[in-house]
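Novice: Just so it is clear, I am handing over run-v2.cif, which has mmCIF, N, CA and C atoms.
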data_upload
#
loop_
_atom_site.label_atom_id
_atom_site.label_comp_id
_atom_site.auth_asym_id
_atom_site.auth_seq_id
_atom_site.Cartn_x
_atom_site.Cartn_y
_atom_site.Cartn_z
N MET A 11 -21.69 79.69 72.97
CA MET A 11 -22.04 81.04 73.36
C MET A 11 -22.70 80.98 74.73
N LYS A 12 -22.25 81.82 75.62
CA LYS A 12 -22.79 81.91 76.97
C LYS A 12 -23.45 83.27 77.16
N ARG A 13 -24.66 83.25 77.72
CA ARG A 13 -25.42 84.49 77.92
C ARG A 13 -25.67 84.66 79.41
N TYR A 14 -25.38 85.85 79.91
CA TYR A 14 -25.55 86.17 81.32
C TYR A 14 -26.64 87.23 81.48
N THR A 15 -27.53 87.02 82.42
CA THR A 15 -28.55 88.03 82.75
C THR A 15 -28.37 88.42 84.21
N SER A 16 -28.85 89.58 84.56
CA SER A 16 -28.65 90.07 85.92
C SER A 16 -29.48 89.28 86.93
N CYS A 17 -29.07 89.36 88.17
CA CYS A 17 -29.76 88.66 89.26
C CYS A 17 -31.15 89.25 89.50
N ALA A 18 -31.34 90.52 89.20
CA ALA A 18 -32.62 91.18 89.45
C ALA A 18 -33.72 90.68 88.52
N THR A 19 -33.36 90.07 87.41
CA THR A 19 -34.36 89.61 86.44
C THR A 19 -35.31 88.60 87.07
N LYS A 20 -34.77 87.66 87.83
CA LYS A 20 -35.61 86.64 88.47
C LYS A 20 -36.56 87.28 89.48
N TRP A 21 -36.08 88.22 90.28
CA TRP A 21 -36.92 88.85 91.30
C TRP A 21 -38.00 89.72 90.67
N LEU A 22 -37.66 90.39 89.58
CA LEU A 22 -38.66 91.20 88.89
C LEU A 22 -39.74 90.32 88.26
N ALA A 23 -39.36 89.15 87.78
CA ALA A 23 -40.35 88.22 87.23
C ALA A 23 -41.30 87.74 88.33
N ILE A 24 -40.75 87.44 89.50
CA ILE A 24 -41.58 86.98 90.62
C ILE A 24 -42.54 88.10 91.06
N LEU A 25 -42.04 89.32 91.17
CA LEU A 25 -42.89 90.45 91.57
C LEU A 25 -43.97 90.73 90.53
N THR A 26 -43.64 90.53 89.26
CA THR A 26 -44.64 90.71 88.20
C THR A 26 -45.74 89.67 88.32
N ILE A 27 -45.38 88.43 88.59
CA ILE A 27 -46.38 87.36 88.75
C ILE A 27 -47.28 87.64 89.95
N ILE A 28 -46.70 88.09 91.04
CA ILE A 28 -47.50 88.42 92.23
C ILE A 28 -48.46 89.57 91.93
N SER A 29 -47.97 90.58 91.23
CA SER A 29 -48.82 91.73 90.88
C SER A 29 -49.96 91.33 89.96
N VAL A 30 -49.68 90.46 89.01
CA VAL A 30 -50.74 89.98 88.12
C VAL A 30 -51.76 89.16 88.90
N ALA A 31 -51.30 88.39 89.88
CA ALA A 31 -52.22 87.62 90.73
C ALA A 31 -53.13 88.55 91.53
N VAL A 32 -52.58 89.65 92.04
CA VAL A 32 -53.39 90.63 92.77
C VAL A 32 -54.40 91.28 91.83
N LEU A 33 -53.99 91.60 90.62
CA LEU A 33 -54.90 92.16 89.62
C LEU A 33 -56.03 91.19 89.30
N ILE A 34 -55.69 89.94 89.12
CA ILE A 34 -56.72 88.92 88.83
C ILE A 34 -57.67 88.76 90.02
N ALA A 35 -57.12 88.83 91.24
CA ALA A 35 -57.98 88.74 92.43
C ALA A 35 -58.95 89.92 92.47
N GLY A 36 -58.50 91.10 92.10
CA GLY A 36 -59.37 92.27 92.04
C GLY A 36 -60.46 92.11 91.00
N ILE A 37 -60.08 91.59 89.84
CA ILE A 37 -61.07 91.36 88.77
C ILE A 37 -62.10 90.32 89.20
N ILE A 38 -61.63 89.27 89.88
CA ILE A 38 -62.55 88.23 90.37
C ILE A 38 -63.52 88.83 91.39
N CYS A 39 -63.02 89.70 92.26
CA CYS A 39 -63.92 90.37 93.24
C CYS A 39 -64.97 91.22 92.53
N ILE A 40 -64.58 91.88 91.44
CA ILE A 40 -65.54 92.69 90.68
C ILE A 40 -66.58 91.79 90.02
N LEU A 41 -66.12 90.71 89.39
CA LEU A 41 -67.04 89.81 88.70
C LEU A 41 -67.95 89.04 89.67
N ALA A 42 -67.46 88.80 90.88
CA ALA A 42 -68.26 88.08 91.88
C ALA A 42 -69.19 89.01 92.64
N HIS A 43 -69.18 90.30 92.27
CA HIS A 43 -70.03 91.30 92.93
C HIS A 43 -69.82 91.32 94.44
N SER A 44 -68.55 91.42 94.83
CA SER A 44 -68.22 91.51 96.24
C SER A 44 -68.82 92.78 96.83
N SER A 45 -69.26 92.68 98.07
CA SER A 45 -69.89 93.84 98.70
C SER A 45 -68.87 94.89 99.13
N ASN A 46 -67.59 94.53 99.19
CA ASN A 46 -66.55 95.46 99.60
C ASN A 46 -65.98 96.15 98.35
N VAL A 47 -66.50 97.31 98.02
CA VAL A 47 -66.09 98.04 96.82
C VAL A 47 -64.64 98.52 96.95
N GLY A 48 -64.24 98.90 98.17
CA GLY A 48 -62.86 99.35 98.39
C GLY A 48 -61.87 98.25 98.06
N LEU A 49 -62.21 97.02 98.41
CA LEU A 49 -61.34 95.88 98.11
C LEU A 49 -61.25 95.68 96.60
N GLN A 50 -62.37 95.77 95.92
CA GLN A 50 -62.38 95.60 94.46
C GLN A 50 -61.49 96.64 93.78
N VAL A 51 -61.71 97.89 94.14
CA VAL A 51 -60.95 98.98 93.52
C VAL A 51 -59.48 98.91 93.93
N GLY A 52 -59.23 98.67 95.20
CA GLY A 52 -57.85 98.63 95.70
C GLY A 52 -57.02 97.54 95.06
N LEU A 53 -57.56 96.32 95.03
CA LEU A 53 -56.82 95.21 94.43
C LEU A 53 -56.60 95.42 92.94
N THR A 54 -57.62 95.90 92.25
CA THR A 54 -57.51 96.10 90.81
C THR A 54 -56.51 97.21 90.48
N MET A 55 -56.62 98.33 91.17
CA MET A 55 -55.70 99.44 90.89
C MET A 55 -54.27 99.09 91.28
N PHE A 56 -54.10 98.55 92.50
CA PHE A 56 -52.75 98.21 92.96
C PHE A 56 -52.13 97.15 92.06
N GLY A 57 -52.88 96.09 91.76
CA GLY A 57 -52.36 95.03 90.90
C GLY A 57 -52.05 95.51 89.50
N GLY A 58 -52.92 96.37 88.96
CA GLY A 58 -52.69 96.89 87.61
C GLY A 58 -51.47 97.79 87.53
N LEU A 59 -51.37 98.71 88.48
CA LEU A 59 -50.22 99.63 88.46
C LEU A 59 -48.90 98.90 88.72
N MET A 60 -48.89 98.01 89.70
CA MET A 60 -47.65 97.28 90.00
C MET A 60 -47.28 96.32 88.88
N SER A 61 -48.27 95.74 88.21
CA SER A 61 -47.99 94.85 87.07
C SER A 61 -47.30 95.62 85.96
N ILE A 62 -47.80 96.80 85.65
CA ILE A 62 -47.19 97.63 84.60
C ILE A 62 -45.76 98.01 84.99
N LEU A 63 -45.59 98.44 86.24
CA LEU A 63 -44.27 98.86 86.71
C LEU A 63 -43.27 97.70 86.68
N PHE A 64 -43.62 96.57 87.30
CA PHE A 64 -42.67 95.45 87.38
C PHE A 64 -42.44 94.80 86.02
N LEU A 65 -43.47 94.75 85.17
CA LEU A 65 -43.29 94.15 83.84
C LEU A 65 -42.34 95.00 83.00
N SER A 66 -42.49 96.31 83.05
CA SER A 66 -41.58 97.17 82.27
C SER A 66 -40.16 97.09 82.82
N CYS A 67 -40.01 97.03 84.14
CA CYS A 67 -38.67 96.88 84.74
C CYS A 67 -38.07 95.52 84.38
N PHE A 68 -38.90 94.48 84.35
CA PHE A 68 -38.43 93.15 83.98
C PHE A 68 -37.87 93.14 82.56
N PHE A 69 -38.62 93.72 81.61
CA PHE A 69 -38.15 93.73 80.22
C PHE A 69 -36.90 94.60 80.07
N ALA A 70 -36.83 95.71 80.79
CA ALA A 70 -35.65 96.56 80.73
C ALA A 70 -34.43 95.82 81.27
N GLU A 71 -34.59 95.12 82.37
CA GLU A 71 -33.46 94.40 82.98
C GLU A 71 -33.08 93.18 82.14
N LYS A 72 -34.07 92.54 81.54
CA LYS A 72 -33.80 91.36 80.72
C LYS A 72 -33.00 91.73 79.47
N SER A 73 -33.15 92.96 79.01
CA SER A 73 -32.43 93.38 77.81
C SER A 73 -30.97 93.74 78.12
N ARG A 74 -30.59 93.75 79.39
CA ARG A 74 -29.21 94.09 79.77
C ARG A 74 -28.34 92.84 79.88
N TYR A 75 -28.43 91.95 78.93
CA TYR A 75 -27.65 90.72 78.98
C TYR A 75 -26.24 90.93 78.45
N LEU A 76 -25.36 90.02 78.80
CA LEU A 76 -23.97 90.02 78.34
C LEU A 76 -23.74 88.68 77.67
N THR A 77 -23.14 88.69 76.50
CA THR A 77 -22.90 87.46 75.74
C THR A 77 -21.41 87.32 75.46
N ILE A 78 -20.91 86.10 75.65
CA ILE A 78 -19.51 85.80 75.34
C ILE A 78 -19.47 84.54 74.48
N ASP A 79 -18.80 84.63 73.34
CA ASP A 79 -18.51 83.44 72.56
C ASP A 79 -17.06 83.51 72.08
N ASP A 80 -16.65 82.59 71.24
CA ASP A 80 -15.25 82.52 70.84
C ASP A 80 -14.81 83.69 69.98
N GLU A 81 -15.74 84.34 69.28
CA GLU A 81 -15.38 85.39 68.34
C GLU A 81 -15.64 86.81 68.84
N LYS A 82 -16.62 86.97 69.74
CA LYS A 82 -16.97 88.32 70.17
C LYS A 82 -17.55 88.33 71.57
N ILE A 83 -17.52 89.52 72.16
CA ILE A 83 -18.14 89.78 73.46
C ILE A 83 -19.13 90.91 73.23
N VAL A 84 -20.36 90.70 73.69
CA VAL A 84 -21.39 91.73 73.56
C VAL A 84 -21.69 92.24 74.97
N LEU A 85 -21.30 93.49 75.23
CA LEU A 85 -21.53 94.12 76.53
C LEU A 85 -22.84 94.89 76.49
N PRO A 86 -23.53 94.98 77.63
CA PRO A 86 -24.81 95.70 77.65
C PRO A 86 -24.62 97.21 77.55
N ARG A 87 -25.74 97.92 77.43
CA ARG A 87 -25.70 99.38 77.40
C ARG A 87 -25.05 99.90 78.68
N GLY A 88 -24.45 101.08 78.58
CA GLY A 88 -23.87 101.71 79.76
C GLY A 88 -22.38 101.52 79.90
N THR A 89 -21.72 100.92 78.93
CA THR A 89 -20.27 100.82 79.01
C THR A 89 -19.66 102.19 78.71
N ILE A 90 -18.46 102.38 79.18
CA ILE A 90 -17.77 103.65 78.98
C ILE A 90 -16.63 103.40 77.99
N ILE A 91 -16.75 104.04 76.82
CA ILE A 91 -15.74 103.88 75.77
C ILE A 91 -14.97 105.18 75.66
N ASN A 92 -13.69 105.12 76.00
CA ASN A 92 -12.83 106.31 75.97
C ASN A 92 -13.47 107.49 76.70
N GLU A 93 -13.89 107.25 77.93
CA GLU A 93 -14.44 108.29 78.81
C GLU A 93 -15.84 108.79 78.41
N LYS A 94 -16.51 108.13 77.46
CA LYS A 94 -17.86 108.53 77.06
C LYS A 94 -18.79 107.32 77.21
N THR A 95 -19.95 107.55 77.84
CA THR A 95 -20.90 106.47 78.07
C THR A 95 -21.62 106.12 76.77
N SER A 96 -21.68 104.82 76.48
CA SER A 96 -22.37 104.33 75.30
C SER A 96 -23.77 103.86 75.70
N PHE A 97 -24.78 104.33 74.98
CA PHE A 97 -26.15 103.94 75.29
C PHE A 97 -26.67 102.85 74.37
N ARG A 98 -25.76 102.10 73.79
CA ARG A 98 -26.13 100.94 72.97
C ARG A 98 -25.17 99.81 73.31
N ARG A 99 -25.49 98.64 72.84
CA ARG A 99 -24.63 97.48 73.11
C ARG A 99 -23.26 97.70 72.48
N THR A 100 -22.25 97.19 73.17
CA THR A 100 -20.89 97.29 72.66
C THR A 100 -20.44 95.91 72.24
N ILE A 101 -20.08 95.77 70.98
CA ILE A 101 -19.63 94.49 70.44
C ILE A 101 -18.12 94.58 70.24
N ILE A 102 -17.41 93.63 70.85
CA ILE A 102 -15.95 93.62 70.79
C ILE A 102 -15.50 92.28 70.21
N ASN A 103 -14.73 92.31 69.15
CA ASN A 103 -14.14 91.09 68.62
C ASN A 103 -13.02 90.65 69.56
N THR A 104 -12.96 89.37 69.87
CA THR A 104 -11.99 88.89 70.85
C THR A 104 -10.55 89.05 70.37
N ASN A 105 -10.33 89.05 69.06
CA ASN A 105 -8.96 89.21 68.57
C ASN A 105 -8.47 90.65 68.67
N GLU A 106 -9.36 91.60 69.01
CA GLU A 106 -8.97 93.00 69.18
C GLU A 106 -8.55 93.33 70.62
N ILE A 107 -8.82 92.42 71.56
CA ILE A 107 -8.54 92.70 72.97
C ILE A 107 -7.05 92.51 73.25
N CYS A 108 -6.45 93.54 73.82
CA CYS A 108 -5.04 93.52 74.15
C CYS A 108 -4.84 93.07 75.61
N SER A 109 -5.63 93.66 76.53
CA SER A 109 -5.50 93.32 77.94
C SER A 109 -6.78 93.67 78.69
N ILE A 110 -6.89 93.13 79.90
CA ILE A 110 -8.00 93.46 80.79
C ILE A 110 -7.42 93.78 82.16
N LYS A 111 -7.98 94.81 82.79
CA LYS A 111 -7.53 95.23 84.11
C LYS A 111 -8.76 95.47 84.97
N SER A 112 -8.69 95.03 86.21
CA SER A 112 -9.79 95.26 87.15
C SER A 112 -9.30 96.18 88.26
N GLU A 113 -10.13 97.15 88.61
CA GLU A 113 -9.77 98.12 89.64
C GLU A 113 -10.92 98.22 90.65
N LEU A 114 -10.57 98.12 91.92
CA LEU A 114 -11.57 98.19 92.99
C LEU A 114 -11.87 99.64 93.33
N HIS A 115 -13.14 100.00 93.31
CA HIS A 115 -13.60 101.32 93.75
C HIS A 115 -14.35 101.12 95.05
N LYS A 116 -13.87 101.75 96.10
CA LYS A 116 -14.48 101.61 97.41
C LYS A 116 -15.80 102.36 97.46
N GLY A 117 -16.82 101.71 98.02
CA GLY A 117 -18.10 102.36 98.23
C GLY A 117 -18.17 102.96 99.61
N ASP A 118 -19.23 103.69 99.89
CA ASP A 118 -19.36 104.31 101.20
C ASP A 118 -19.94 103.35 102.23
N GLY A 119 -20.43 102.19 101.79
CA GLY A 119 -20.97 101.20 102.72
C GLY A 119 -22.42 101.42 103.08
N ILE A 120 -22.95 102.59 102.77
CA ILE A 120 -24.35 102.89 103.07
C ILE A 120 -25.18 102.78 101.80
N ILE A 121 -24.82 103.56 100.81
CA ILE A 121 -25.55 103.55 99.54
C ILE A 121 -24.86 102.66 98.51
N THR A 122 -23.56 102.76 98.42
CA THR A 122 -22.81 101.99 97.43
C THR A 122 -21.86 101.02 98.12
N LYS A 123 -21.69 99.86 97.49
CA LYS A 123 -20.75 98.86 97.98
C LYS A 123 -19.46 98.95 97.17
N ASP A 124 -18.47 98.20 97.60
CA ASP A 124 -17.24 98.13 96.84
C ASP A 124 -17.53 97.45 95.50
N THR A 125 -17.02 98.03 94.42
CA THR A 125 -17.32 97.53 93.07
C THR A 125 -16.04 97.45 92.26
N LEU A 126 -15.92 96.37 91.49
CA LEU A 126 -14.80 96.24 90.58
C LEU A 126 -15.17 96.87 89.23
N PHE A 127 -14.35 97.77 88.75
CA PHE A 127 -14.51 98.33 87.41
C PHE A 127 -13.49 97.64 86.53
N HIS A 128 -13.95 97.05 85.44
CA HIS A 128 -13.09 96.30 84.53
C HIS A 128 -12.83 97.15 83.29
N THR A 129 -11.58 97.16 82.85
CA THR A 129 -11.20 97.95 81.68
C THR A 129 -10.55 97.04 80.66
N LEU A 130 -11.14 97.00 79.46
CA LEU A 130 -10.56 96.28 78.34
C LEU A 130 -9.77 97.29 77.51
N LYS A 131 -8.55 96.94 77.18
CA LYS A 131 -7.76 97.78 76.29
C LYS A 131 -7.66 97.04 74.97
N LEU A 132 -8.05 97.73 73.89
CA LEU A 132 -8.02 97.12 72.57
C LEU A 132 -6.73 97.45 71.86
N ASN A 133 -6.45 96.73 70.78
CA ASN A 133 -5.20 96.92 70.03
C ASN A 133 -5.06 98.33 69.47
N ASP A 134 -6.19 98.99 69.16
CA ASP A 134 -6.12 100.34 68.59
C ASP A 134 -6.05 101.43 69.67
N GLY A 135 -5.93 101.05 70.93
CA GLY A 135 -5.80 102.02 72.02
C GLY A 135 -7.11 102.38 72.70
N THR A 136 -8.22 101.87 72.20
CA THR A 136 -9.53 102.15 72.81
C THR A 136 -9.62 101.49 74.17
N ARG A 137 -10.19 102.22 75.14
CA ARG A 137 -10.39 101.69 76.49
C ARG A 137 -11.88 101.57 76.74
N ILE A 138 -12.32 100.37 77.12
CA ILE A 138 -13.73 100.11 77.38
C ILE A 138 -13.86 99.71 78.84
N GLU A 139 -14.62 100.50 79.60
CA GLU A 139 -14.79 100.28 81.04
C GLU A 139 -16.23 99.82 81.31
N PHE A 140 -16.37 98.81 82.17
CA PHE A 140 -17.69 98.27 82.50
C PHE A 140 -17.66 97.62 83.87
N THR A 141 -18.84 97.40 84.43
CA THR A 141 -18.98 96.70 85.71
C THR A 141 -19.81 95.44 85.49
N LEU A 142 -19.64 94.50 86.39
CA LEU A 142 -20.37 93.23 86.30
C LEU A 142 -21.10 92.89 87.59
N TYR A 143 -21.27 93.85 88.51
CA TYR A 143 -21.87 93.56 89.81
C TYR A 143 -23.31 93.08 89.69
N ALA A 144 -24.03 93.47 88.66
CA ALA A 144 -25.44 93.10 88.52
C ALA A 144 -25.63 91.62 88.24
N TYR A 145 -24.59 90.94 87.79
CA TYR A 145 -24.69 89.53 87.44
C TYR A 145 -24.37 88.59 88.60
N GLY A 146 -23.90 89.11 89.70
CA GLY A 146 -23.54 88.29 90.86
C GLY A 146 -22.06 87.99 90.87
N LYS A 147 -21.54 87.69 92.05
CA LYS A 147 -20.10 87.48 92.21
C LYS A 147 -19.61 86.24 91.45
N ASP A 148 -20.38 85.15 91.50
CA ASP A 148 -19.96 83.93 90.79
C ASP A 148 -19.91 84.15 89.28
N ALA A 149 -20.95 84.81 88.74
CA ALA A 149 -20.99 85.08 87.31
C ALA A 149 -19.88 86.06 86.93
N GLU A 150 -19.59 87.03 87.80
CA GLU A 150 -18.52 87.98 87.52
C GLU A 150 -17.18 87.27 87.39
N ASP A 151 -16.91 86.35 88.31
CA ASP A 151 -15.66 85.58 88.24
C ASP A 151 -15.61 84.72 86.98
N GLU A 152 -16.75 84.12 86.63
CA GLU A 152 -16.82 83.28 85.43
C GLU A 152 -16.63 84.10 84.16
N ILE A 153 -17.22 85.28 84.10
CA ILE A 153 -17.08 86.15 82.94
C ILE A 153 -15.63 86.60 82.78
N LEU A 154 -15.01 87.01 83.87
CA LEU A 154 -13.62 87.44 83.81
C LEU A 154 -12.70 86.31 83.38
N ALA A 155 -12.95 85.12 83.91
CA ALA A 155 -12.13 83.97 83.51
C ALA A 155 -12.30 83.67 82.02
N ALA A 156 -13.51 83.78 81.51
CA ALA A 156 -13.76 83.53 80.09
C ALA A 156 -13.08 84.58 79.21
N ILE A 157 -13.11 85.84 79.64
CA ILE A 157 -12.45 86.89 78.86
C ILE A 157 -10.94 86.70 78.88
N LYS A 158 -10.39 86.37 80.03
CA LYS A 158 -8.94 86.17 80.13
C LYS A 158 -8.50 84.96 79.30
N LYS A 159 -9.36 83.97 79.21
CA LYS A 159 -9.05 82.79 78.42
C LYS A 159 -9.01 83.12 76.92
N LEU A 160 -9.87 84.08 76.50
CA LEU A 160 -9.93 84.46 75.09
C LEU A 160 -8.78 85.37 74.66
N ILE A 161 -8.14 86.03 75.62
CA ILE A 161 -7.05 86.97 75.27
C ILE A 161 -5.81 86.20 74.86
#
Written as structure tokens, how would this file's structure read?
Specialist:
Amino acid sequence: MKRYTSCATKWLAILTIISVAVLIAGIICILAHSSNVGLQVGLTMFGGLMSILFLSCFFAEKSRYLTIDDEKIVLPRGTIINEKTSFRRTIINTNEICSIKSELHKGDGIITKDTLFHTLKLNDGTRIEFTLYAYGKDAEDEILAAIKKLI
């Protein structure tokens, strides 16, 4: 079984650690009775708020994993099943997959980049559409190769 997590997970973990360090520095300034009250309050508030923000984003992003094994593929939330967005994980048995097709959607180059939308067609006619850009180009190629190997 292979599990893929998004590239942003590592950066969110680093930002969370930095925010916690700022929070700890603020607490140390308070405990050391620093004469600069603005520094005490600023470091503590900024570190506390950013720690909460980055930690919650880290856990949200970490839960968006994709798993592939010999029997099933588990896609993260946000897949499109027959033109309707699914807000829960999508589990697909590999023996149900009929074909996979990738289609390039051009971005505007400013806000959005070019993205491949992948569509799995199942034996019962269900179409499942998803993207893999969050996992990185190398992981995207590896995931597609693994799915094609299972078909």
Novice: So that I can see what lies close to A:Ala31, please list as an MDAnalysis selection string the residues with an atom at most 12 Å from it, counting only C-alpha atoms and leaving out residues fewer than 3 positions away in the same chain.
Specialist: chainID A and resid 24:28 34:38 53:54 56:58 60:61
Novice: Could you pull the residues within 10 Å of stretch 105-112 of chain A, counting only C-alpha atoms, minus those fewer than 3 positions along the same chain, as a list in words?
Specialist: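 The neighbour list is Asp80, Glu81, Lys82, Ile102, His115, Thr125, Leu126, Phe127, His128, Thr129, Leu130, Lys131, Leu132, Asn133, Asp134, Gly135, Thr136, Arg137, Ile138, Glu139, Phe140, Thr141, Leu154, Ile157, Lys158, Leu160 and Ile161 of chain A.
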Novice: Using backbone DSSP assignments, extract all helix (DSSP H, G or I) residues from stretch 48-106 of chain A; output them as a PyMOL selection string.
Specialist: chain A and resi 48-72+104-106
Novice: Quick one: pull the distance between atom N of A:Gly52 and atom C of A:Ser66, Å, one decimal.
Specialist: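 According to the coordinates, atom N of A:Gly52 and atom C of A:Ser66 are separated by 22.8 Å.
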Novice: Can you list, as a PyMOL selection string, every protein, DNA or RNA residue that comes within 8 Å of stretch 73-76 of chain A when you count all atoms listed in the file, leaving out same-chain residues fewer than 4 positions away?
Specialist: chain A and resi 12-16+67-69+83-87
Novice: What is the distance between atom CA of A:Cys17 and atom CA of A:Gly146, in Å to one decimal?
Specialist: 6.4 Å
Novice: Check stretch 82-117 of chain A with DSSP on the backbone and list each residue it calls strand (DSSP E or B), as a PyMOL selection string.
Specialist: chain A and resi 82-85+90-91+94-95+100-103+107-115
Novice: Can you measure atom CA of A:Lys159 to atom CA of A:Thr89 for me? One decimal in Å is fine.
Specialist: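 Going from atom CA of A:Lys159 over to atom CA of A:Thr89, I get 21.2 Å.
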Novice: Check the smallest atom-to-atom distance from each of A:Glu71, A:Cys39, A:Arg98, A:Ala18 to A:Tyr145 using only N, CA and C atoms, then report the winner.
Specialist: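 Of the candidates, the smallest distance to A:Tyr145 is held by A:Ala18.
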